[in-house]
$ cat final12.pdb   # PDB, C-alpha atoms and all ligand atoms
ATOM      1  CA  MET A   1      36.924 -15.643  21.520
ATOM      2  CA  ASP A   2      36.419 -14.188  25.044
ATOM      3  CA  VAL A   3      39.540 -13.206  26.908
ATOM      4  CA  HIS A   4      40.009 -13.392  30.672
ATOM      5  CA  PRO A   5      38.447 -10.415  32.549
ATOM      6  CA  ASP A   6      41.922  -9.514  33.886
ATOM      7  CA  VAL A   7      43.211  -9.177  30.335
ATOM      8  CA  GLU A   8      40.249  -6.926  29.584
ATOM      9  CA  ARG A   9      40.983  -4.845  32.707
ATOM     10  CA  THR A  10      44.677  -4.539  31.819
ATOM     11  CA  ALA A  11      43.836  -3.541  28.244
ATOM     12  CA  GLU A  12      41.430  -0.921  29.537
ATOM     13  CA  SER A  13      43.979   0.422  31.992
ATOM     14  CA  ILE A  14      46.607   0.732  29.221
ATOM     15  CA  ALA A  15      44.139   2.397  26.846
ATOM     16  CA  THR A  16      43.036   4.948  29.463
ATOM     17  CA  MET A  17      46.669   5.486  30.549
ATOM     18  CA  GLU A  18      46.097   4.418  34.116
ATOM     19  CA  THR A  19      48.984   2.090  33.232
ATOM     20  CA  ARG A  20      51.382   4.146  31.139
ATOM     21  CA  GLY A  21      55.008   4.448  30.130
ATOM     22  CA  ALA A  22      56.532   1.883  27.796
ATOM     23  CA  ALA A  23      58.168  -0.343  30.420
ATOM     24  CA  ALA A  24      55.121  -0.444  32.699
ATOM     25  CA  ILE A  25      52.894  -1.281  29.724
ATOM     26  CA  ALA A  26      55.159  -4.204  28.742
ATOM     27  CA  ASP A  27      55.205  -5.497  32.302
ATOM     28  CA  ALA A  28      51.407  -5.285  32.657
ATOM     29  CA  ALA A  29      50.882  -7.018  29.299
ATOM     30  CA  ALA A  30      53.148  -9.940  30.268
ATOM     31  CA  ALA A  31      51.342 -10.255  33.616
ATOM     32  CA  ALA A  32      47.976 -10.288  31.837
ATOM     33  CA  LEU A  33      49.115 -13.056  29.469
ATOM     34  CA  ALA A  34      50.194 -15.104  32.492
ATOM     35  CA  THR A  35      46.711 -14.680  33.995
ATOM     36  CA  GLN A  36      45.099 -15.709  30.712
ATOM     37  CA  ALA A  37      47.273 -18.842  30.721
ATOM     38  CA  ARG A  38      46.712 -19.664  34.385
ATOM     39  CA  GLU A  39      42.988 -18.952  34.630
ATOM     40  CA  GLY A  40      41.644 -19.057  31.080
ATOM     41  CA  GLU A  41      39.286 -21.902  30.322
ATOM     42  CA  ALA A  42      40.613 -24.115  27.542
ATOM     43  CA  ALA A  43      39.455 -27.638  26.813
ATOM     44  CA  ASP A  44      42.363 -28.543  24.537
ATOM     45  CA  PRO A  45      45.706 -27.185  23.264
ATOM     46  CA  ALA A  46      44.168 -25.568  20.179
ATOM     47  CA  GLU A  47      41.689 -23.656  22.335
ATOM     48  CA  PHE A  48      44.447 -22.670  24.740
ATOM     49  CA  ARG A  49      46.600 -21.282  21.932
ATOM     50  CA  ALA A  50      43.649 -19.453  20.375
ATOM     51  CA  GLY A  51      42.828 -17.906  23.784
ATOM     52  CA  MET A  52      46.407 -16.716  24.203
ATOM     53  CA  ARG A  53      46.455 -15.179  20.725
ATOM     54  CA  ALA A  54      43.133 -13.435  21.348
ATOM     55  CA  ALA A  55      44.412 -12.023  24.643
ATOM     56  CA  ALA A  56      47.573 -10.775  22.927
ATOM     57  CA  ARG A  57      45.533  -9.123  20.170
ATOM     58  CA  ARG A  58      43.296  -7.402  22.720
ATOM     59  CA  LEU A  59      46.344  -6.041  24.572
ATOM     60  CA  ARG A  60      48.112  -5.036  21.384
ATOM     61  CA  GLU A  61      45.249  -2.912  20.050
ATOM     62  CA  THR A  62      45.308  -0.586  23.091
ATOM     63  CA  ARG A  63      48.114   1.838  22.173
ATOM     64  CA  PRO A  64      50.133   1.752  18.965
ATOM     65  CA  THR A  65      53.423   3.558  19.611
ATOM     66  CA  ALA A  66      55.328   1.838  22.439
ATOM     67  CA  VAL A  67      56.917  -1.225  20.818
ATOM     68  CA  SER A  68      57.627  -2.651  24.254
ATOM     69  CA  LEU A  69      54.019  -3.885  24.149
ATOM     70  CA  PRO A  70      54.252  -6.109  21.017
ATOM     71  CA  ASN A  71      57.802  -7.054  22.020
ATOM     72  CA  ALA A  72      56.484  -8.335  25.370
ATOM     73  CA  LEU A  73      53.680 -10.251  23.649
ATOM     74  CA  ARG A  74      56.162 -11.736  21.157
ATOM     75  CA  TYR A  75      58.506 -12.843  23.919
ATOM     76  CA  VAL A  76      55.808 -14.566  25.960
ATOM     77  CA  LEU A  77      53.994 -16.200  23.041
ATOM     78  CA  ARG A  78      57.274 -17.477  21.601
ATOM     79  CA  GLY A  79      57.789 -19.354  24.860
ATOM     80  CA  MET A  80      54.394 -21.110  24.577
ATOM     81  CA  GLN A  81      55.444 -24.747  24.157
ATOM     82  CA  GLY A  82      53.821 -28.118  24.773
ATOM     83  CA  GLU A  83      51.395 -30.737  23.539
ATOM     84  CA  ASP A  84      48.877 -30.564  26.389
ATOM     85  CA  VAL A  85      47.133 -27.705  28.205
ATOM     86  CA  THR A  86      49.062 -28.103  31.480
ATOM     87  CA  THR A  87      52.458 -27.928  29.780
ATOM     88  CA  LEU A  88      51.375 -25.031  27.595
ATOM     89  CA  ARG A  89      50.037 -23.160  30.630
ATOM     90  CA  ASP A  90      53.227 -23.684  32.648
ATOM     91  CA  SER A  91      55.404 -22.594  29.755
ATOM     92  CA  VAL A  92      53.529 -19.297  29.329
ATOM     93  CA  VAL A  93      53.495 -18.547  33.057
ATOM     94  CA  ASP A  94      57.238 -19.280  33.329
ATOM     95  CA  CYS A  95      58.026 -17.206  30.292
ATOM     96  CA  ALA A  96      55.978 -14.214  31.507
ATOM     97  CA  GLU A  97      57.704 -14.384  34.890
ATOM     98  CA  THR A  98      61.148 -14.529  33.265
ATOM     99  CA  PHE A  99      60.247 -11.605  31.030
ATOM    100  CA  ARG A 100      59.128  -9.446  33.967
ATOM    101  CA  TYR A 101      62.179 -10.365  36.032
ATOM    102  CA  ASP A 102      64.540  -9.606  33.119
ATOM    103  CA  LEU A 103      62.782  -6.303  32.450
ATOM    104  CA  ASP A 104      63.411  -5.239  35.999
ATOM    105  CA  ARG A 105      67.070  -6.355  35.973
ATOM    106  CA  ALA A 106      67.608  -4.665  32.587
ATOM    107  CA  GLN A 107      66.418  -1.380  34.035
ATOM    108  CA  ASP A 108      68.790  -1.687  36.993
ATOM    109  CA  ARG A 109      71.705  -2.411  34.656
ATOM    110  CA  LEU A 110      70.759   0.401  32.312
ATOM    111  CA  GLY A 111      70.498   2.762  35.280
ATOM    112  CA  ARG A 112      74.047   1.963  36.379
ATOM    113  CA  ILE A 113      75.340   2.485  32.827
ATOM    114  CA  GLY A 114      73.478   5.784  32.448
ATOM    115  CA  ALA A 115      74.701   6.953  35.856
ATOM    116  CA  GLY A 116      78.218   6.777  34.445
ATOM    117  CA  ARG A 117      77.389   9.788  32.284
ATOM    118  CA  LEU A 118      76.289  11.890  35.259
ATOM    119  CA  ARG A 119      78.955  13.698  37.286
ATOM    120  CA  ASP A 120      78.675  15.023  40.802
ATOM    121  CA  GLY A 121      76.879  18.389  40.618
ATOM    122  CA  ASP A 122      75.235  17.809  37.214
ATOM    123  CA  VAL A 123      71.850  19.213  36.270
ATOM    124  CA  VAL A 124      69.521  17.251  33.989
ATOM    125  CA  MET A 125      66.428  18.329  32.118
ATOM    126  CA  THR A 126      63.670  15.735  31.825
ATOM    127  CA  HIS A 127      60.591  15.396  29.640
ATOM    128  CA  CYS A 128      57.513  13.280  30.442
ATOM    129  CA  HIS A 129      58.006  10.413  32.901
ATOM    130  CA  SER A 130      60.416   7.647  32.023
ATOM    131  CA  THR A 131      61.333   4.912  34.485
ATOM    132  CA  ASP A 132      64.442   4.150  32.393
ATOM    133  CA  ALA A 133      65.612   7.772  32.601
ATOM    134  CA  LEU A 134      64.874   7.933  36.319
ATOM    135  CA  ALA A 135      66.810   4.698  36.881
ATOM    136  CA  CYS A 136      69.944   6.544  35.669
ATOM    137  CA  VAL A 137      69.423   9.402  38.111
ATOM    138  CA  GLU A 138      68.627   7.013  40.942
ATOM    139  CA  ALA A 139      71.815   5.016  40.338
ATOM    140  CA  ALA A 140      73.868   8.237  40.241
ATOM    141  CA  VAL A 141      72.341   9.354  43.542
ATOM    142  CA  GLU A 142      73.084   5.932  45.042
ATOM    143  CA  GLN A 143      76.701   6.393  43.950
ATOM    144  CA  GLY A 144      76.745   9.520  46.127
ATOM    145  CA  LYS A 145      76.493  12.082  43.313
ATOM    146  CA  HIS A 146      74.510  15.272  43.773
ATOM    147  CA  VAL A 147      72.164  15.687  40.806
ATOM    148  CA  GLU A 148      69.564  18.404  40.232
ATOM    149  CA  ALA A 149      66.728  18.472  37.732
ATOM    150  CA  TYR A 150      64.681  20.798  35.592
ATOM    151  CA  VAL A 151      61.460  18.937  34.975
ATOM    152  CA  LYS A 152      59.249  19.904  32.044
ATOM    153  CA  GLU A 153      55.604  19.628  33.006
ATOM    154  CA  THR A 154      54.734  17.878  29.696
ATOM    155  CA  ARG A 155      51.401  19.046  28.413
ATOM    156  CA  PRO A 156      48.722  17.907  27.990
ATOM    157  CA  ARG A 157      48.798  15.155  30.639
ATOM    158  CA  GLN A 158      51.553  16.561  32.832
ATOM    159  CA  GLN A 159      53.526  13.385  33.383
ATOM    160  CA  GLY A 160      56.288  15.762  34.534
ATOM    161  CA  HIS A 161      54.477  15.904  37.868
ATOM    162  CA  ILE A 162      55.113  12.172  38.349
ATOM    163  CA  THR A 163      58.775  12.714  37.478
ATOM    164  CA  ALA A 164      59.032  15.638  39.921
ATOM    165  CA  LYS A 165      57.520  13.582  42.723
ATOM    166  CA  GLU A 166      59.759  10.562  42.113
ATOM    167  CA  LEU A 167      62.899  12.703  41.876
ATOM    168  CA  ARG A 168      61.996  14.379  45.162
ATOM    169  CA  GLU A 169      61.617  10.925  46.730
ATOM    170  CA  MET A 170      65.241  10.297  45.661
ATOM    171  CA  GLY A 171      66.258  13.572  47.320
ATOM    172  CA  VAL A 172      66.950  15.322  43.997
ATOM    173  CA  PRO A 173      66.251  19.090  44.014
ATOM    174  CA  VAL A 174      63.592  19.757  41.353
ATOM    175  CA  THR A 175      62.556  22.850  39.432
ATOM    176  CA  LEU A 176      59.317  22.362  37.518
ATOM    177  CA  VAL A 177      59.005  24.440  34.347
ATOM    178  CA  VAL A 178      56.312  24.779  31.705
ATOM    179  CA  ASP A 179      57.275  23.166  28.415
ATOM    180  CA  ASN A 180      57.778  26.505  26.692
ATOM    181  CA  ALA A 181      60.433  27.497  29.253
ATOM    182  CA  ALA A 182      62.799  24.645  28.385
ATOM    183  CA  HIS A 183      64.991  26.658  26.022
ATOM    184  CA  ARG A 184      65.330  29.403  28.640
ATOM    185  CA  TYR A 185      66.835  27.001  31.207
ATOM    186  CA  LEU A 186      68.942  24.705  29.023
ATOM    187  CA  ASP A 187      72.058  26.806  29.629
ATOM    188  CA  GLU A 188      71.862  25.685  33.243
ATOM    189  CA  CYS A 189      71.681  21.998  32.296
ATOM    190  CA  ASP A 190      74.441  19.460  31.612
ATOM    191  CA  HIS A 191      72.222  16.826  29.976
ATOM    192  CA  VAL A 192      68.798  16.329  28.537
ATOM    193  CA  LEU A 193      67.697  12.908  29.773
ATOM    194  CA  VAL A 194      64.617  11.275  28.259
ATOM    195  CA  GLY A 195      63.170   7.815  27.699
ATOM    196  CA  ALA A 196      61.758   6.217  24.557
ATOM    197  CA  ASP A 197      58.654   4.403  23.444
ATOM    198  CA  SER A 198      60.325   3.040  20.333
ATOM    199  CA  ILE A 199      63.711   3.210  18.673
ATOM    200  CA  ALA A 200      63.807   2.843  14.901
ATOM    201  CA  ALA A 201      66.470   1.077  12.833
ATOM    202  CA  ASP A 202      68.042   4.398  11.783
ATOM    203  CA  GLY A 203      68.429   5.417  15.441
ATOM    204  CA  SER A 204      65.433   7.793  15.498
ATOM    205  CA  VAL A 205      63.802   7.969  18.892
ATOM    206  CA  ILE A 206      60.054   8.018  19.288
ATOM    207  CA  ASN A 207      59.080   9.520  22.620
ATOM    208  CA  LYS A 208      56.518  11.834  24.207
ATOM    209  CA  ILE A 209      55.491  14.762  22.007
ATOM    210  CA  GLY A 210      57.876  17.618  22.652
ATOM    211  CA  THR A 211      61.015  15.476  22.779
ATOM    212  CA  ALA A 212      62.023  16.420  19.215
ATOM    213  CA  GLY A 213      61.669  20.154  19.910
ATOM    214  CA  LEU A 214      63.586  19.797  23.154
ATOM    215  CA  ALA A 215      66.378  17.997  21.299
ATOM    216  CA  VAL A 216      66.609  20.786  18.698
ATOM    217  CA  SER A 217      66.839  23.369  21.504
ATOM    218  CA  ALA A 218      69.419  21.285  23.337
ATOM    219  CA  ARG A 219      71.558  21.010  20.190
ATOM    220  CA  ASP A 220      71.334  24.768  19.810
ATOM    221  CA  ARG A 221      72.522  25.269  23.384
ATOM    222  CA  GLY A 222      75.199  22.535  23.148
ATOM    223  CA  VAL A 223      73.586  20.301  25.757
ATOM    224  CA  PRO A 224      73.987  16.536  25.133
ATOM    225  CA  ILE A 225      70.803  14.521  24.638
ATOM    226  CA  VAL A 226      70.799  11.121  26.292
ATOM    227  CA  VAL A 227      68.038   8.598  25.676
ATOM    228  CA  ALA A 228      67.649   5.922  28.341
ATOM    229  CA  ALA A 229      65.834   2.967  26.822
ATOM    230  CA  GLY A 230      66.075  -0.762  27.412
ATOM    231  CA  THR A 231      66.377  -2.987  24.334
ATOM    232  CA  ILE A 232      62.659  -3.809  24.703
ATOM    233  CA  LYS A 233      62.129  -0.368  23.077
ATOM    234  CA  ILE A 234      63.847  -1.436  19.862
ATOM    235  CA  HIS A 235      61.289  -1.610  17.078
ATOM    236  CA  PRO A 236      62.128  -4.619  14.869
ATOM    237  CA  ASP A 237      59.532  -3.817  12.164
ATOM    238  CA  THR A 238      61.514  -0.716  11.229
ATOM    239  CA  LEU A 239      64.292  -2.999   9.944
ATOM    240  CA  THR A 240      62.087  -3.715   6.954
ATOM    241  CA  GLY A 241      61.120  -0.106   6.471
ATOM    242  CA  ALA A 242      57.875   0.049   8.467
ATOM    243  CA  ALA A 243      57.149   3.403  10.085
ATOM    244  CA  VAL A 244      56.257   3.666  13.767
ATOM    245  CA  GLU A 245      52.618   4.605  14.198
ATOM    246  CA  ILE A 246      52.150   7.774  16.207
ATOM    247  CA  GLU A 247      49.164   7.675  18.531
ATOM    248  CA  HIS A 248      46.681  10.549  18.367
ATOM    249  CA  ARG A 249      44.624  11.011  21.511
ATOM    250  CA  ASP A 250      41.302  12.668  22.266
ATOM    251  CA  GLU A 251      41.035  16.448  22.041
ATOM    252  CA  ALA A 252      39.501  16.404  25.537
ATOM    253  CA  GLU A 253      43.078  16.049  26.861
ATOM    254  CA  VAL A 254      43.831  19.471  25.349
ATOM    255  CA  ILE A 255      40.645  21.525  25.793
ATOM    256  CA  ASP A 256      37.592  21.113  28.006
ATOM    257  CA  ASP A 257      33.965  21.369  26.827
ATOM    258  CA  GLU A 258      33.694  25.019  27.816
ATOM    259  CA  THR A 259      36.790  25.992  25.811
ATOM    260  CA  ARG A 260      35.570  23.896  22.901
ATOM    261  CA  ALA A 261      32.263  25.836  22.948
ATOM    262  CA  GLU A 262      34.101  29.194  23.124
ATOM    263  CA  LEU A 263      36.492  28.340  20.295
ATOM    264  CA  GLY A 264      33.832  27.015  17.985
ATOM    265  CA  ASP A 265      34.923  25.436  14.743
ATOM    266  CA  VAL A 266      38.638  24.771  15.186
ATOM    267  CA  ASP A 267      40.492  21.529  14.699
ATOM    268  CA  VAL A 268      42.452  20.216  17.662
ATOM    269  CA  LEU A 269      45.299  17.763  17.126
ATOM    270  CA  ASN A 270      46.721  15.785  20.009
ATOM    271  CA  PRO A 271      49.600  13.555  18.876
ATOM    272  CA  ALA A 272      51.078  11.733  21.867
ATOM    273  CA  PHE A 273      54.581  11.157  20.452
ATOM    274  CA  ASP A 274      57.096  12.579  18.021
ATOM    275  CA  VAL A 275      60.240  11.421  16.250
ATOM    276  CA  THR A 276      63.678  12.782  17.138
ATOM    277  CA  PRO A 277      66.181  12.161  14.338
ATOM    278  CA  PRO A 278      69.464  10.450  15.187
ATOM    279  CA  ARG A 279      71.526  13.568  14.414
ATOM    280  CA  HIS A 280      69.991  15.209  17.499
ATOM    281  CA  ILE A 281      70.825  12.355  19.857
ATOM    282  CA  ASP A 282      74.184  11.831  21.548
ATOM    283  CA  ALA A 283      73.711   8.430  23.124
ATOM    284  CA  ILE A 284      71.153   5.697  23.635
ATOM    285  CA  VAL A 285      71.716   3.997  26.974
ATOM    286  CA  THR A 286      70.510   0.389  27.124
ATOM    287  CA  GLU A 287      71.178  -2.520  29.489
ATOM    288  CA  ARG A 288      73.674  -3.736  26.866
ATOM    289  CA  GLY A 289      75.761  -0.573  27.030
ATOM    290  CA  GLN A 290      75.448   2.830  25.433
ATOM    291  CA  PHE A 291      75.281   3.293  21.695
ATOM    292  CA  PRO A 292      75.471   6.132  19.220
ATOM    293  CA  PRO A 293      72.024   6.125  17.559
ATOM    294  CA  GLU A 294      73.456   5.094  14.172
ATOM    295  CA  SER A 295      74.736   1.795  15.575
ATOM    296  CA  ILE A 296      71.402   0.665  17.004
ATOM    297  CA  VAL A 297      70.657  -1.222  13.802
ATOM    298  CA  THR A 298      73.457  -3.688  14.562
ATOM    299  CA  LEU A 299      72.027  -4.401  17.990
ATOM    300  CA  MET A 300      68.569  -4.697  16.440
ATOM    301  CA  ARG A 301      69.738  -7.391  13.985
ATOM    302  CA  GLU A 302      71.499  -9.254  16.769
ATOM    303  CA  LEU A 303      68.374  -9.262  18.949
ATOM    304  CA  PHE A 304      65.641  -9.861  16.388
ATOM    305  CA  GLY A 305      67.262 -11.208  13.229
ATOM    306  CA  ASP A 306      65.577 -10.201   9.989
ATOM    307  CA  ALA A 307      62.276 -12.036  10.375
ATOM    308  CA  VAL A 308      59.839 -10.395  12.764
ATOM    309  CA  GLU A 309      57.093 -12.679  14.001
ATOM    310  CA  ALA A 310      53.507 -11.708  14.784
ATOM    311  CA  PRO A 311      52.536 -14.732  16.906
ATOM    312  CA  TRP A 312      49.171 -13.208  17.915
ATOM    313  CA  GLN A 313      47.827 -13.621  14.379
ATOM    314  CA  GLU A 314      45.281 -16.397  13.725
TER
HETATM  315  C1  LIG A 401      55.450   7.924  28.207
HETATM  316  C2  LIG A 401      56.744   8.293  27.567
HETATM  317  C3  LIG A 401      58.003   7.778  28.227
HETATM  318  C4  LIG A 401      58.387   6.444  27.580
HETATM  319  C5  LIG A 401      59.504   5.752  28.337
HETATM  320  O1  LIG A 401      54.336   8.305  27.421
HETATM  321  O2  LIG A 401      56.821   8.911  26.520
HETATM  322  O3  LIG A 401      59.065   8.664  28.063
HETATM  323  O4  LIG A 401      57.262   5.591  27.555
HETATM  324  O5  LIG A 401      59.045   5.374  29.618
HETATM  325  P1  LIG A 401      52.858   7.979  27.982
HETATM  326  P2  LIG A 401      59.755   4.192  30.421
HETATM  327  O6  LIG A 401      52.709   8.686  29.284
HETATM  328  O7  LIG A 401      51.952   8.521  26.907
HETATM  329  O8  LIG A 401      52.738   6.476  28.105
HETATM  330  O9  LIG A 401      61.194   4.562  30.485
HETATM  331  O10 LIG A 401      59.094   4.175  31.773
HETATM  332  O11 LIG A 401      59.536   2.933  29.653
END

$ encode --input "final12.pdb" --output "C-alpha cells"
Amino acid sequence: MDVHPDVERTAESIATMETRGAAAIADAAAAALATQAREGEAADPAEFRAGMRAAARRLRETRPTAVSLPNALRYVLRGMQGEDVTTLRDSVVDCAETFRYDLDRAQDRLGRIGAGRLRDGDVVMTHCHSTDALACVEAAVEQGKHVEAYVKETRPRQQGHITAKELREMGVPVTLVVDNAAHRYLDECDHVLVGADSIAADGSVINKIGTAGLAVSARDRGVPIVVAAGTIKIHPDTLTGAAVEIEHRDEAEVIDDETRAELGDVDVLNPAFDVTPPRHIDAIVTERGQFPPESIVTLMRELFGDAVEAPWQE
C-alpha cells in the first residue's frame, strides 16, 4: 500500500539523520501519521486503517534503536477509533496532536526536575546532542544558576557541535573537547549529563556510542552520571527479555573514499549506540521524577503493563 509522500519524506529524513535525536524522531513520526490520516486517500475504514498501519511500518523501519519511535506510533495508532473514515481521521489527528503537546510538556517538566540536581557554579560534561539533557541545563540557567559545560565532539557525526551551539545560545560557557579527552577533563566536572535513545527494564541506558566508556571514566573519577530521558524512552519489549537492537551505520561516516583506498582491506565498524549498565548510572531523570536505574522496571510496568502491542502489524 502506498503511503502519503509526507510520510515518505519524514521516513527519509529520519533515515538520513536530517531529523535525529530520539525526541525529535518521535515528534516527526507522530506528525507524519497525522498527515497520513488527514490527507491519505481511503475509500472505507478498512482502507484507512491499512494505510495508517503501512505508514507506521514505513516510519518504524527507518532506525532501530530509539524506542521513542515505536512508542510514538503505538500511542497514535492506539487512539485510532471509529466506524467511519471521518471519525477515524479525526481520532488520529487529535491523538497525534495530544502526543506532540505532551512530549513537549514532558520535556519542560523533566528539565525542571533535572535542574534540581545542578547547583550554581556546576560544570557538566555532555555527549552527543540530547534535547532532554539540554532542557535540564536550560531550566537551571532560567533559575539563575551559572552552569558551564565540557562538550564532547562525538565522532563520527559530531553532534557535540549542535550541543555547543545550543548551550552558547543559553549563555552557557562551552569548552569543546575531542572524545578521547573526556577522561582528562572529568576532574573539572560535577556531572556527566546525557540523554537516552532507549532504557531497558534492568535500567541499562542505550545512548550514542561512547556513552558507556564515558560512564566508566566518570565512575573512576567519582563524577555522577545523570541520564535525562522522558518516559517515551522506556523500552517495553525489554520487559519480556527482548534486547535493544543497536544500529550500525555506513562506514562512510567514519572514513572517506580516499582513506578507504589508502587503508585497503580493513573492516570498519560504525555502531551508533552502546549500552551503559545500571551500575554506572546514578539517576534517570524523567518527567515523572528521578529514578535510580534499578527502579525503572516498576515505572515501565505502570506505563505499559505486561502486554506490548504492535498495532502496525497487518
Ligand atoms: C542521538 C542521541 C541522543 C538521544 C537523546 O543520536 O544519542 O542522546 O537520542 O536525544 P542520533 P533527545 O544523533 O544518532 O539520533 O534527548 O533529544 O531525545

$ closest_residue --input "final12.pdb" --among "A:Cys136, A:Ala106, A:Ala196, A:Ala37" --to "Gly21 in chain A" --atoms "only C-alpha atoms"
A:Ala196

$ axis_aligned_box --input "final12.pdb" --around "ligand LIG 401 (chain A)" --padding-each-side "4 Å" --output "lines of an AutoDock Vina configuration file"
center_x = 56.6
center_y = 5.9
center_z = 29.1
size_x = 17.2
size_y = 14.0
size_z = 13.3

$ closest_residue --input "final12.pdb" --among "A:Asn71, A:Thr98, A:Thr35, A:Ser198" --to "ligand LIG 401 (chain A)" --atoms "all atoms listed in the file"
A:Ser198

$ resolve_selection --input "final12.pdb" --expression "the PyMOL selection byres (((not hetatm)) within 7 of (chain A and resi 401))" --output "list in words"
Met17, Arg20, Gly21, Ala22, Ala23, Ala24, Ala66, Cys128, His129, Ser130, Thr131, Asp132, Ala133, Gln159, Val194, Gly195, Ala196, Asp197, Asn207, Lys208, Ala228, Ala229, Ala272 and Phe273 of chain A

$ resolve_selection --input "final12.pdb" --expression "the PyMOL selection byres (((chain A and resi 204) around 6) and not hetatm)" --output "ChimeraX atom specification"
/A:199-200,202-203,205,276-278

$ closest_residue --input "final12.pdb" --among "A:Leu77, A:Val216, A:Ala182, A:Ala30" --to "Tyr101 in chain A" --atoms "all atoms listed in the file"
A:Ala30

$ residues_around --input "final12.pdb" --residues "Ala42 in chain A" --least-positions-apart "5" --cutoff "9 Å" --atoms "only C-alpha atoms" --output "list in words"
Glu47, Phe48, Arg49, Gly51 and Val85 of chain A

$ resolve_selection --input "final12.pdb" --expression "the PyMOL selection byres (((chain A and resi 113-116) around 7) and not hetatm)" --output "PyMOL selection string"
chain A and resi 109-112+117-118+136-137+139-140+285+289

$ closest_residue --input "final12.pdb" --among "A:Val123, A:Ile296, A:Val92, A:Ala252" --to "Val268 in chain A" --atoms "only C-alpha atoms"
A:Ala252

$ atom_distance --input "final12.pdb" --atom1 "CA of Pro311 in chain A" --atom2 "CA of Val275 in chain A"
27.3 Å

$ closest_residue --input "final12.pdb" --among "A:Ala11, A:Ser295, A:Glu287, A:Leu193" --to "Arg63 in chain A" --atoms "only C-alpha atoms"
A:Ala11

$ closest_residue --input "final12.pdb" --among "A:Thr259, A:Thr286, A:Thr154, A:Thr86" --to "Thr231 in chain A" --atoms "all atoms listed in the file"
A:Thr286

$ residues_around --input "final12.pdb" --residues "Ser91 in chain A" --least-positions-apart "5" --cutoff "7 Å" --atoms "all atoms listed in the file" --output "CSV table (one decimal) with C-alpha atoms, in the frame of the given file"
chain,number,residue,atom,x,y,z
A,79,GLY,CA,57.8,-19.4,24.9
A,80,MET,CA,54.4,-21.1,24.6
A,81,GLN,CA,55.4,-24.7,24.2

$ atom_distance --input "final12.pdb" --atom1 "CA of Asp104 in chain A" --atom2 "CA of Gly171 in chain A"
22.1 Å

$ residues_near_point --input "final12.pdb" --point "(67.4, 16.4, 43.6)" --cutoff "8 Å" --atoms "all atoms listed in the file" --output "list of chain:residue names"
A:His146, A:Val147, A:Glu148, A:Ala149, A:Leu167, A:Arg168, A:Met170, A:Gly171, A:Val172, A:Pro173, A:Val174

$ atom_distance --input "final12.pdb" --atom1 "CA of Ala56 in chain A" --atom2 "CA of Ala242 in chain A"
20.8 Å

$ residues_around --input "final12.pdb" --residues "Pro292 in chain A" --least-positions-apart "2" --cutoff "7 Å" --atoms "only C-alpha atoms" --output "PyMOL selection string"
chain A and resi 282-284+294-295

$ residues_around --input "final12.pdb" --residues "Arg57 in chain A" --least-positions-apart "4" --cutoff "10 Å" --atoms "all atoms listed in the file" --output "PDB file with C-alpha atoms, keeping the file's coordinate frame"
ATOM      1  CA  VAL A   3      39.540 -13.206  26.908  1.00  0.00           C
ATOM      2  CA  ALA A  11      43.836  -3.541  28.244  1.00  0.00           C
ATOM      3  CA  GLY A  51      42.828 -17.906  23.784  1.00  0.00           C
ATOM      4  CA  MET A  52      46.407 -16.716  24.203  1.00  0.00           C
ATOM      5  CA  ARG A  53      46.455 -15.179  20.725  1.00  0.00           C
ATOM      6  CA  GLU A  61      45.249  -2.912  20.050  1.00  0.00           C
ATOM      7  CA  THR A  62      45.308  -0.586  23.091  1.00  0.00           C
ATOM      8  CA  PRO A  70      54.252  -6.109  21.017  1.00  0.00           C
ATOM      9  CA  LEU A  73      53.680 -10.251  23.649  1.00  0.00           C
ATOM     10  CA  ALA A 310      53.507 -11.708  14.784  1.00  0.00           C
ATOM     11  CA  PRO A 311      52.536 -14.732  16.906  1.00  0.00           C
ATOM     12  CA  TRP A 312      49.171 -13.208  17.915  1.00  0.00           C
ATOM     13  CA  GLN A 313      47.827 -13.621  14.379  1.00  0.00           C
ATOM     14  CA  GLU A 314      45.281 -16.397  13.725  1.00  0.00           C
TER      15      GLU A 314
END

$ residues_around --input "final12.pdb" --residues "Gly82 in chain A" --least-positions-apart "6" --cutoff "9 Å" --atoms "all atoms listed in the file" --output "ChimeraX atom specification"
/A:45,88-89,91
